[in-house]
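Containing mmCIF, C-alpha atoms and all ligand atoms: entry_32.cif.
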```cif
data_structure
#
loop_
_atom_site.group_PDB
_atom_site.id
_atom_site.type_symbol
_atom_site.label_atom_id
_atom_site.label_comp_id
_atom_site.auth_asym_id
_atom_site.auth_seq_id
_atom_site.Cartn_x
_atom_site.Cartn_y
_atom_site.Cartn_z
ATOM 1 C CA MET A 24 -78.466 -22.651 77.833
ATOM 2 C CA ASP A 25 -81.811 -21.955 79.393
ATOM 3 C CA ALA A 26 -82.525 -18.377 80.356
ATOM 4 C CA HIS A 27 -85.595 -19.486 82.280
ATOM 5 C CA SER A 28 -84.040 -22.280 84.339
ATOM 6 C CA ASP A 29 -84.998 -20.618 87.630
ATOM 7 C CA LEU A 30 -88.714 -20.751 86.796
ATOM 8 C CA GLU A 31 -90.779 -23.488 88.382
ATOM 9 C CA MET A 32 -93.342 -25.600 86.600
ATOM 10 C CA ILE A 33 -96.814 -25.233 88.050
ATOM 11 C CA ASP A 34 -97.900 -28.757 89.033
ATOM 12 C CA GLN A 35 -101.585 -28.081 88.560
ATOM 13 C CA ALA A 36 -102.826 -24.787 87.127
ATOM 14 C CA GLU A 37 -106.529 -24.018 87.311
ATOM 15 C CA GLY A 38 -107.935 -21.605 84.776
ATOM 16 C CA LYS A 39 -111.365 -20.387 83.880
ATOM 17 C CA CYS A 40 -113.180 -18.138 81.447
ATOM 18 C CA LEU A 41 -114.772 -14.839 82.409
ATOM 19 C CA CYS A 42 -118.190 -16.315 83.236
ATOM 20 C CA GLY A 43 -116.791 -19.486 84.797
ATOM 21 C CA ALA A 44 -118.766 -21.881 82.588
ATOM 22 C CA VAL A 45 -115.528 -23.354 81.245
ATOM 23 C CA ALA A 46 -112.662 -24.387 83.490
ATOM 24 C CA VAL A 47 -109.316 -25.777 82.394
ATOM 25 C CA ALA A 48 -106.907 -27.711 84.596
ATOM 26 C CA VAL A 49 -103.393 -28.057 83.207
ATOM 27 C CA LYS A 50 -100.741 -30.338 84.682
ATOM 28 C CA GLN A 51 -97.089 -29.260 84.633
ATOM 29 C CA LEU A 52 -97.863 -25.854 83.210
ATOM 30 C CA LYS A 53 -94.728 -24.128 81.953
ATOM 31 C CA PRO A 54 -94.734 -20.526 83.218
ATOM 32 C CA LEU A 55 -93.452 -19.347 79.846
ATOM 33 C CA VAL A 56 -95.704 -17.222 77.702
ATOM 34 C CA ASP A 57 -95.590 -17.392 73.917
ATOM 35 C CA ILE A 58 -96.787 -14.225 72.293
ATOM 36 C CA CYS A 59 -98.106 -14.247 68.736
ATOM 37 C CA HIS A 60 -98.511 -10.993 66.865
ATOM 38 C CA CYS A 61 -99.967 -12.480 63.668
ATOM 39 C CA ASP A 62 -102.913 -10.881 61.906
ATOM 40 C CA MET A 63 -105.231 -13.767 62.773
ATOM 41 C CA CYS A 64 -104.440 -13.788 66.492
ATOM 42 C CA ARG A 65 -104.934 -10.047 66.717
ATOM 43 C CA ARG A 66 -108.241 -10.190 64.863
ATOM 44 C CA TRP A 67 -109.330 -13.082 67.106
ATOM 45 C CA GLY A 68 -108.481 -11.499 70.423
ATOM 46 C CA GLY A 69 -108.168 -7.798 69.747
ATOM 47 C CA GLY A 70 -104.442 -7.936 70.455
ATOM 48 C CA PRO A 71 -101.553 -10.383 70.444
ATOM 49 C CA PHE A 72 -102.300 -13.905 71.669
ATOM 50 C CA MET A 73 -100.515 -14.917 74.860
ATOM 51 C CA GLY A 74 -100.359 -18.664 75.221
ATOM 52 C CA VAL A 75 -99.134 -21.153 77.811
ATOM 53 C CA SER A 76 -99.001 -24.918 77.665
ATOM 54 C CA GLY A 77 -98.405 -27.947 79.840
ATOM 55 C CA GLU A 78 -98.154 -31.713 79.830
ATOM 56 C CA ALA A 79 -101.801 -32.733 80.145
ATOM 57 C CA PHE A 80 -105.092 -31.005 80.700
ATOM 58 C CA SER A 81 -108.772 -31.503 81.357
ATOM 59 C CA VAL A 82 -111.716 -29.266 80.540
ATOM 60 C CA THR A 83 -114.980 -28.906 82.422
ATOM 61 C CA GLY A 84 -117.986 -27.238 80.827
ATOM 62 C CA LYS A 85 -117.105 -28.628 77.391
ATOM 63 C CA GLU A 86 -120.696 -28.058 76.283
ATOM 64 C CA HIS A 87 -119.975 -24.327 76.377
ATOM 65 C CA VAL A 88 -116.852 -24.562 74.216
ATOM 66 C CA THR A 89 -117.068 -23.602 70.560
ATOM 67 C CA SER A 90 -114.134 -24.405 68.288
ATOM 68 C CA TYR A 91 -113.555 -22.392 65.182
ATOM 69 C CA PRO A 92 -111.386 -23.959 62.443
ATOM 70 C CA SER A 93 -109.375 -20.874 61.545
ATOM 71 C CA SER A 94 -107.117 -22.591 59.011
ATOM 72 C CA ASP A 95 -106.303 -26.059 57.700
ATOM 73 C CA TRP A 96 -103.965 -26.626 60.650
ATOM 74 C CA ALA A 97 -105.514 -24.812 63.601
ATOM 75 C CA GLU A 98 -108.660 -24.392 65.684
ATOM 76 C CA ARG A 99 -109.439 -21.586 68.093
ATOM 77 C CA ALA A 100 -111.764 -22.281 70.999
ATOM 78 C CA PHE A 101 -113.867 -19.855 72.992
ATOM 79 C CA CYS A 102 -116.612 -19.904 75.611
ATOM 80 C CA ALA A 103 -119.952 -19.587 73.842
ATOM 81 C CA LYS A 104 -121.497 -17.908 76.924
ATOM 82 C CA CYS A 105 -119.026 -15.108 77.601
ATOM 83 C CA GLY A 106 -116.762 -15.092 74.545
ATOM 84 C CA SER A 107 -113.502 -15.612 76.422
ATOM 85 C CA ASN A 108 -110.799 -17.098 74.237
ATOM 86 C CA LEU A 109 -109.733 -20.464 75.640
ATOM 87 C CA TRP A 110 -107.087 -22.037 73.475
ATOM 88 C CA TYR A 111 -105.378 -22.318 70.135
ATOM 89 C CA ARG A 112 -105.073 -25.919 68.960
ATOM 90 C CA PHE A 113 -102.439 -26.800 66.376
ATOM 91 C CA THR A 114 -104.183 -29.753 64.769
ATOM 92 C CA PRO A 115 -101.180 -31.647 63.248
ATOM 93 C CA THR A 116 -99.752 -32.257 66.734
ATOM 94 C CA ASP A 117 -102.924 -31.695 68.820
ATOM 95 C CA HIS A 118 -100.887 -29.130 70.763
ATOM 96 C CA HIS A 119 -103.031 -26.784 72.850
ATOM 97 C CA SER A 120 -101.815 -23.313 73.661
ATOM 98 C CA PHE A 121 -104.090 -21.957 76.398
ATOM 99 C CA ALA A 122 -104.871 -18.294 76.784
ATOM 100 C CA ALA A 123 -102.537 -17.146 79.564
ATOM 101 C CA GLY A 124 -105.239 -14.884 80.973
ATOM 102 C CA LEU A 125 -107.334 -17.874 82.070
ATOM 103 C CA PHE A 126 -104.805 -18.576 84.828
ATOM 104 C CA ASP A 127 -103.569 -16.611 87.816
ATOM 105 C CA ILE A 128 -99.898 -16.841 86.916
ATOM 106 C CA GLY A 129 -98.979 -13.200 87.172
ATOM 107 C CA ASP A 130 -95.706 -13.517 89.066
ATOM 108 C CA GLY A 131 -93.234 -16.214 88.312
ATOM 109 C CA ALA A 132 -93.954 -16.256 84.585
ATOM 110 C CA GLU A 133 -91.897 -14.821 81.777
ATOM 111 C CA ILE A 134 -92.187 -14.325 78.055
ATOM 112 C CA GLU A 135 -90.601 -17.232 76.180
ATOM 113 C CA GLN A 136 -90.657 -15.689 72.733
ATOM 114 C CA GLN A 137 -92.564 -13.378 70.448
ATOM 115 C CA ILE A 138 -93.515 -14.771 67.064
ATOM 116 C CA PHE A 139 -94.793 -13.361 63.794
ATOM 117 C CA VAL A 140 -93.089 -10.143 64.765
ATOM 118 C CA ASP A 141 -93.162 -9.172 61.083
ATOM 119 C CA GLU A 142 -96.960 -8.860 61.363
ATOM 120 C CA LYS A 143 -96.887 -6.792 64.572
ATOM 121 C CA PRO A 144 -98.308 -3.303 64.084
ATOM 122 C CA ALA A 145 -95.968 -0.473 64.985
ATOM 123 C CA PHE A 146 -98.242 1.117 67.588
ATOM 124 C CA TYR A 147 -97.212 -1.210 70.417
ATOM 125 C CA ASP A 148 -94.114 -3.010 71.682
ATOM 126 C CA PHE A 149 -93.415 -5.058 74.791
ATOM 127 C CA ALA A 150 -90.671 -3.664 76.982
ATOM 128 C CA GLN A 151 -89.081 -7.059 77.736
ATOM 129 C CA GLU A 152 -86.208 -8.278 75.624
ATOM 130 C CA THR A 153 -87.225 -11.670 74.234
ATOM 131 C CA PRO A 154 -86.469 -13.848 71.244
ATOM 132 C CA MET A 155 -88.248 -12.280 68.251
ATOM 133 C CA LYS A 156 -89.149 -14.551 65.346
ATOM 134 C CA THR A 157 -90.784 -13.786 62.037
ATOM 135 C CA GLY A 158 -93.525 -15.901 60.515
ATOM 136 C CA ALA A 159 -91.044 -17.325 57.995
ATOM 137 C CA GLU A 160 -88.706 -18.360 60.815
ATOM 138 C CA ILE A 161 -91.538 -20.083 62.696
ATOM 139 C CA ILE A 162 -92.637 -21.966 59.579
ATOM 140 C CA GLU A 163 -89.023 -23.041 58.974
ATOM 141 C CA GLU A 164 -88.806 -24.312 62.568
ATOM 142 C CA ALA A 165 -92.025 -26.296 62.113
ATOM 143 C CA LYS A 166 -90.803 -27.777 58.832
ATOM 144 C CA ALA A 167 -87.503 -28.707 60.459
ATOM 145 C CA ALA A 168 -89.561 -30.514 63.102
ATOM 146 C CA GLY A 169 -91.195 -32.542 60.324
ATOM 147 C CA LEU A 170 -94.475 -30.671 59.913
ATOM 148 C CA GLU A 171 -95.937 -29.793 56.543
ATOM 149 C CA PHE A 172 -97.914 -26.765 55.511
ATOM 150 C CA ASP A 173 -100.000 -26.283 52.354
HETATM 151 ZN ZN ZN B 201 -117.452 -18.194 79.813
HETATM 152 ZN ZN ZN B 202 -100.912 -15.871 65.691
#
```
Output the structure of this file as structure tokens.
Amino acid sequence: MDAHSDLEMIDQAEGKCLCGAVAVAVKQLKPLVDICHCDMCRRWGGGPFMGVSGEAFSVTGKEHVTSYPSSDWAERAFCAKCGSNLWYRFTPTDHHSFAAGLFDIGDGAEIEQQIFVDEKPAFYDFAQETPMKTGAEIIEEAKAAGLEFD
């Protein structure tokens, strides 16, 4: 059962950082936003991370991209000129989750799930009803998919 079956893939989504030095083109972007409430995402971006992903992508202005290895299994990239967050890269699978705000996908997108809800501070909540997963549940899902941590 797919609650989002009426949503259309975006064939080619063009995104860019605040200053425009870095542009990202993503093919077959899924208009489903993953929201992470973990401590690291909130410290990184000042609030929960909202990520989208697709099938393939290309980056222009790579010379302005700085990648920060935030843990043994992830890197977080940002524009060194304007500080915009660009993507979260899960290194074991090379999966890139791009900051949703880079793209103009306001309408026609929905929240897919909220994760690390056990680390979400109490002062905010999203009004939408979405799947809510704790950090332990996410780590179990990743292990079930064959990934190893620590
Ligand atoms: Zn920039
Ligand atoms: Zn996070």
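Going from CA of Gly158 in chain A over to CA of Cys64 in chain A, you cover 12.6 Å.
Relative to CA of Ala123 in chain A, CA of Val56 in chain A is found at 7.1 Å.
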Using only C-alpha atoms, determine which residues lie at most 7 Å from His119 in chain A, disregarding the query and same-chain residues fewer than 5 positions distant; provide the list as an MDAnalysis selection string. chainID A and resid 76 110:113
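Checking A:Pro154, A:Pro144, A:Gly84, A:Gly106 one by one against Ala46 in chain A, counting only C-alpha atoms, you find the shortest gap at A:Gly84.
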For ligand ZN 201 (chain B), the nearest of the candidates A:Ala150, A:Ala103, A:Val140, A:Leu170, counting all atoms listed in the file: A:Ala103
